[in-house]
Amino acid sequence: MIAAGALVLVGSYLVGSIPFSYLVARRAGVDVRKVGSGNVGATNVMRSAGRAAGIVAFLLDASKGAVSAWLALRLAPGTPLPPLAGAAAVLGHMYPVWLGFTGGKGVATGAGAFLPLAPMATGASLVIFAGTLAAFRYVSVASIAGAASLAATAFMSGAPRSVAATASALAALIAWRHRGNLRRIRAGTEHRIGAGPGPADPGTTP
């Protein structure tokens, strides 16, 4: 059982490592690592390769988490394995073996991972994300707010303790991954949604 669980986690990490955002942007002739924020994620794809490409990248990145968590849920329901598999997929997206361990920030993959594990909390977090984005037009702020609200709602809605704890750990990690964005907000240089791509910021933390 331990060996099977380890295989699930390794498989989830490898699935999460598939750099869909990078691949979608490359099909449009763009190296997403060299434009905009330099981040390998759906938001930067949208800025650099267009809205349709960004939506496709978001859905594909979310599917990595959803598939990993859903399969683990089918194999080992009622255990900590499903949220851990979702977390492994998020870590794969953040630190993909295929791109030298430099990836995105895990927001789309995390949302996909928790959709089968805590659908109510995930839905609430998406509403918070959308409302925060509409109010401030900073994807980074909306991402942090959405991740934090998912963790809080998971606890309040009675989700399994392993799900709520994993959501909290990932929310903290997602906030840490956005530390460069928060610095740029304070400096007044962070891109708002709808801004053009521009060249990559060499000081960006992906």
# chains A, B, ... in the order shown; residues from 1 in each chain; ligands from 1
>>> residues_around(residues="region 104-113 of chain A", least_positions_apart="6", cutoff="8 Å", atoms="only C-alpha atoms", output="PyMOL selection string")
chain A and resi 16+39-42+58-59+61-70+83+86-87+89-91+93-95+122+143+147+170+174+177-178+206
>>> write_last_selection(atoms="N, CA and C atoms", output="CSV table (one decimal), in the first residue's frame")
chain,number,residue,atom,x,y,z
A,16,GLY,N,1.7,16.9,-13.0
A,16,GLY,CA,1.8,18.3,-12.7
A,16,GLY,C,2.9,19.0,-13.5
A,39,ASN,N,6.6,34.3,-16.0
A,39,ASN,CA,6.0,33.2,-15.3
A,39,ASN,C,5.4,32.2,-16.3
A,40,VAL,N,5.6,30.9,-16.0
A,40,VAL,CA,5.0,29.8,-16.8
A,40,VAL,C,3.6,29.5,-16.3
A,41,GLY,N,2.7,30.4,-16.6
A,41,GLY,CA,1.3,30.2,-16.1
A,41,GLY,C,0.3,30.8,-17.0
A,42,ALA,N,-1.0,30.5,-16.8
A,42,ALA,CA,-2.0,30.9,-17.7
A,42,ALA,C,-2.1,32.4,-17.9
A,58,PHE,N,-5.1,27.7,-18.9
A,58,PHE,CA,-5.8,27.6,-17.5
A,58,PHE,C,-6.5,26.3,-17.4
A,59,LEU,N,-7.3,25.9,-18.4
A,59,LEU,CA,-8.0,24.7,-18.3
A,59,LEU,C,-7.1,23.5,-18.3
A,61,ASP,N,-3.9,23.4,-17.3
A,61,ASP,CA,-3.2,23.4,-16.0
A,61,ASP,C,-4.1,22.9,-14.9
A,62,ALA,N,-5.4,23.4,-14.9
A,62,ALA,CA,-6.4,22.9,-13.9
A,62,ALA,C,-6.6,21.4,-14.0
A,63,SER,N,-6.6,20.9,-15.2
A,63,SER,CA,-6.9,19.5,-15.4
A,63,SER,C,-5.8,18.6,-14.8
A,64,LYS,N,-4.6,19.1,-14.7
A,64,LYS,CA,-3.5,18.3,-14.1
A,64,LYS,C,-3.8,18.0,-12.6
A,65,GLY,N,-4.2,19.0,-11.9
A,65,GLY,CA,-4.6,18.8,-10.5
A,65,GLY,C,-5.8,18.0,-10.4
A,66,ALA,N,-6.8,18.2,-11.2
A,66,ALA,CA,-8.1,17.5,-11.1
A,66,ALA,C,-7.9,16.0,-11.3
A,67,VAL,N,-7.2,15.7,-12.4
A,67,VAL,CA,-7.0,14.3,-12.7
A,67,VAL,C,-6.2,13.6,-11.6
A,68,SER,N,-5.2,14.2,-11.1
A,68,SER,CA,-4.4,13.6,-10.1
A,68,SER,C,-5.2,13.3,-8.8
A,69,ALA,N,-5.9,14.3,-8.4
A,69,ALA,CA,-6.7,14.2,-7.1
A,69,ALA,C,-7.9,13.2,-7.4
A,70,TRP,N,-8.5,13.2,-8.5
A,70,TRP,CA,-9.7,12.4,-8.8
A,70,TRP,C,-9.2,10.9,-8.8
A,83,PRO,N,-5.7,14.4,-1.3
A,83,PRO,CA,-5.1,15.8,-1.2
A,83,PRO,C,-3.6,15.8,-1.4
A,86,GLY,N,-3.0,15.8,-5.1
A,86,GLY,CA,-3.3,17.1,-5.6
A,86,GLY,C,-2.2,18.0,-5.4
A,87,ALA,N,-1.6,18.0,-4.1
A,87,ALA,CA,-0.5,18.8,-3.8
A,87,ALA,C,0.7,18.5,-4.6
A,89,ALA,N,0.8,17.4,-7.6
A,89,ALA,CA,0.6,17.9,-9.0
A,89,ALA,C,0.9,19.4,-9.0
A,90,VAL,N,0.5,20.1,-7.9
A,90,VAL,CA,0.7,21.6,-7.8
A,90,VAL,C,2.2,21.8,-7.7
A,91,LEU,N,2.9,21.0,-6.9
A,91,LEU,CA,4.4,21.1,-6.8
A,91,LEU,C,5.1,20.8,-8.2
A,93,HIS,N,3.7,21.5,-11.0
A,93,HIS,CA,3.5,22.7,-11.9
A,93,HIS,C,4.5,23.8,-11.5
A,94,MET,N,4.7,23.9,-10.2
A,94,MET,CA,5.6,25.0,-9.7
A,94,MET,C,7.1,24.7,-10.0
A,95,TYR,N,7.4,23.4,-9.9
A,95,TYR,CA,8.8,23.0,-10.0
A,95,TYR,C,8.9,21.8,-11.0
A,122,THR,N,-14.0,25.1,-3.2
A,122,THR,CA,-13.4,25.5,-4.5
A,122,THR,C,-14.2,26.5,-5.2
A,143,SER,N,-5.3,35.8,-6.7
A,143,SER,CA,-4.8,34.5,-6.5
A,143,SER,C,-4.6,34.1,-5.0
A,147,ALA,N,-6.8,31.5,-2.9
A,147,ALA,CA,-6.2,30.3,-2.2
A,147,ALA,C,-6.5,30.4,-0.7
A,170,LEU,N,-0.8,24.7,0.9
A,170,LEU,CA,-0.7,25.2,-0.5
A,170,LEU,C,-1.0,26.7,-0.6
A,174,ILE,N,1.5,29.3,-2.1
A,174,ILE,CA,1.1,30.2,-3.3
A,174,ILE,C,1.4,31.6,-2.9
A,177,ARG,N,5.0,32.2,-3.3
A,177,ARG,CA,5.4,32.3,-4.7
A,177,ARG,C,5.1,33.6,-5.3
A,178,HIS,N,4.1,34.3,-4.7
A,178,HIS,CA,3.7,35.6,-5.2
A,178,HIS,C,4.5,36.8,-4.6
A,206,PRO,N,9.3,33.5,-10.4
A,206,PRO,CA,8.2,32.7,-11.0
A,206,PRO,C,7.3,32.0,-9.9
>>> atom_distance(atom1="CA of Pro96 (chain A)", atom2="CA of Arg184 (chain A)")
25.0 Å
>>> select_by_dssp(residues="region 20-120 of chain A", states="alpha helix (DSSP H)", output="NGL selection string")
:A and (20-27 or 42-49 or 51-75 or 81-94 or 107-114 or 119-120)
>>> closest_residue(among="A:Ala4, A:Leu150, A:Val97, A:Val56", to="Leu75 (chain A)", atoms="only C-alpha atoms")
A:Ala4
>>> atom_distance(atom1="CA of Ser149 (chain A)", atom2="CA of Ala135 (chain A)")
16.1 Å
>>> closest_residue(among="A:Leu9, A:Leu99, A:Met46, A:Ala175", to="Ser140 (chain A)", atoms="only C-alpha atoms")
A:Ala175
>>> atom_distance(atom1="CA of Ala165 (chain A)", atom2="CA of Pro19 (chain A)")
26.6 Å
>>> closest_atom_pairs(of="region 7-83 of chain A", to="region 160-163 of chain A", cutoff="9 Å", atoms="only C-alpha atoms", output="Markdown table")
| residue | atom | partner | partner_atom | distance |
| --- | --- | --- | --- | --- |
| A:Gly78 | CA | A:Pro160 | CA | 8.2 |
| A:Thr79 | CA | A:Ser162 | CA | 8.0 |
| A:Pro80 | CA | A:Ser162 | CA | 5.5 |
| A:Leu81 | CA | A:Ser162 | CA | 8.8 |
| A:Pro82 | CA | A:Val163 | CA | 8.2 |
| A:Pro83 | CA | A:Val163 | CA | 5.4 |
>>> write_last_selection(atoms="N, CA and C atoms", output="PDB file, in the first residue's frame")
ATOM      1  N   GLY A  78     -11.126   8.404   1.451  1.00  0.00           N
ATOM      2  CA  GLY A  78     -11.105   8.460   2.904  1.00  0.00           C
ATOM      3  C   GLY A  78      -9.722   8.438   3.512  1.00  0.00           C
ATOM      4  N   THR A  79      -8.685   8.592   2.695  1.00  0.00           N
ATOM      5  CA  THR A  79      -7.308   8.630   3.183  1.00  0.00           C
ATOM      6  C   THR A  79      -6.688   9.983   2.823  1.00  0.00           C
ATOM      7  N   PRO A  80      -5.520  10.287   3.364  1.00  0.00           N
ATOM      8  CA  PRO A  80      -4.854  11.543   2.976  1.00  0.00           C
ATOM      9  C   PRO A  80      -4.258  11.525   1.572  1.00  0.00           C
ATOM     10  N   LEU A  81      -4.301  10.373   0.888  1.00  0.00           N
ATOM     11  CA  LEU A  81      -3.637  10.293  -0.414  1.00  0.00           C
ATOM     12  C   LEU A  81      -4.217  11.262  -1.453  1.00  0.00           C
ATOM     13  N   PRO A  82      -5.545  11.400  -1.584  1.00  0.00           N
ATOM     14  CA  PRO A  82      -6.057  12.311  -2.616  1.00  0.00           C
ATOM     15  C   PRO A  82      -5.567  13.754  -2.478  1.00  0.00           C
ATOM     16  N   PRO A  83      -5.654  14.404  -1.291  1.00  0.00           N
ATOM     17  CA  PRO A  83      -5.111  15.770  -1.216  1.00  0.00           C
ATOM     18  C   PRO A  83      -3.603  15.818  -1.407  1.00  0.00           C
TER      19      PRO A  83
END
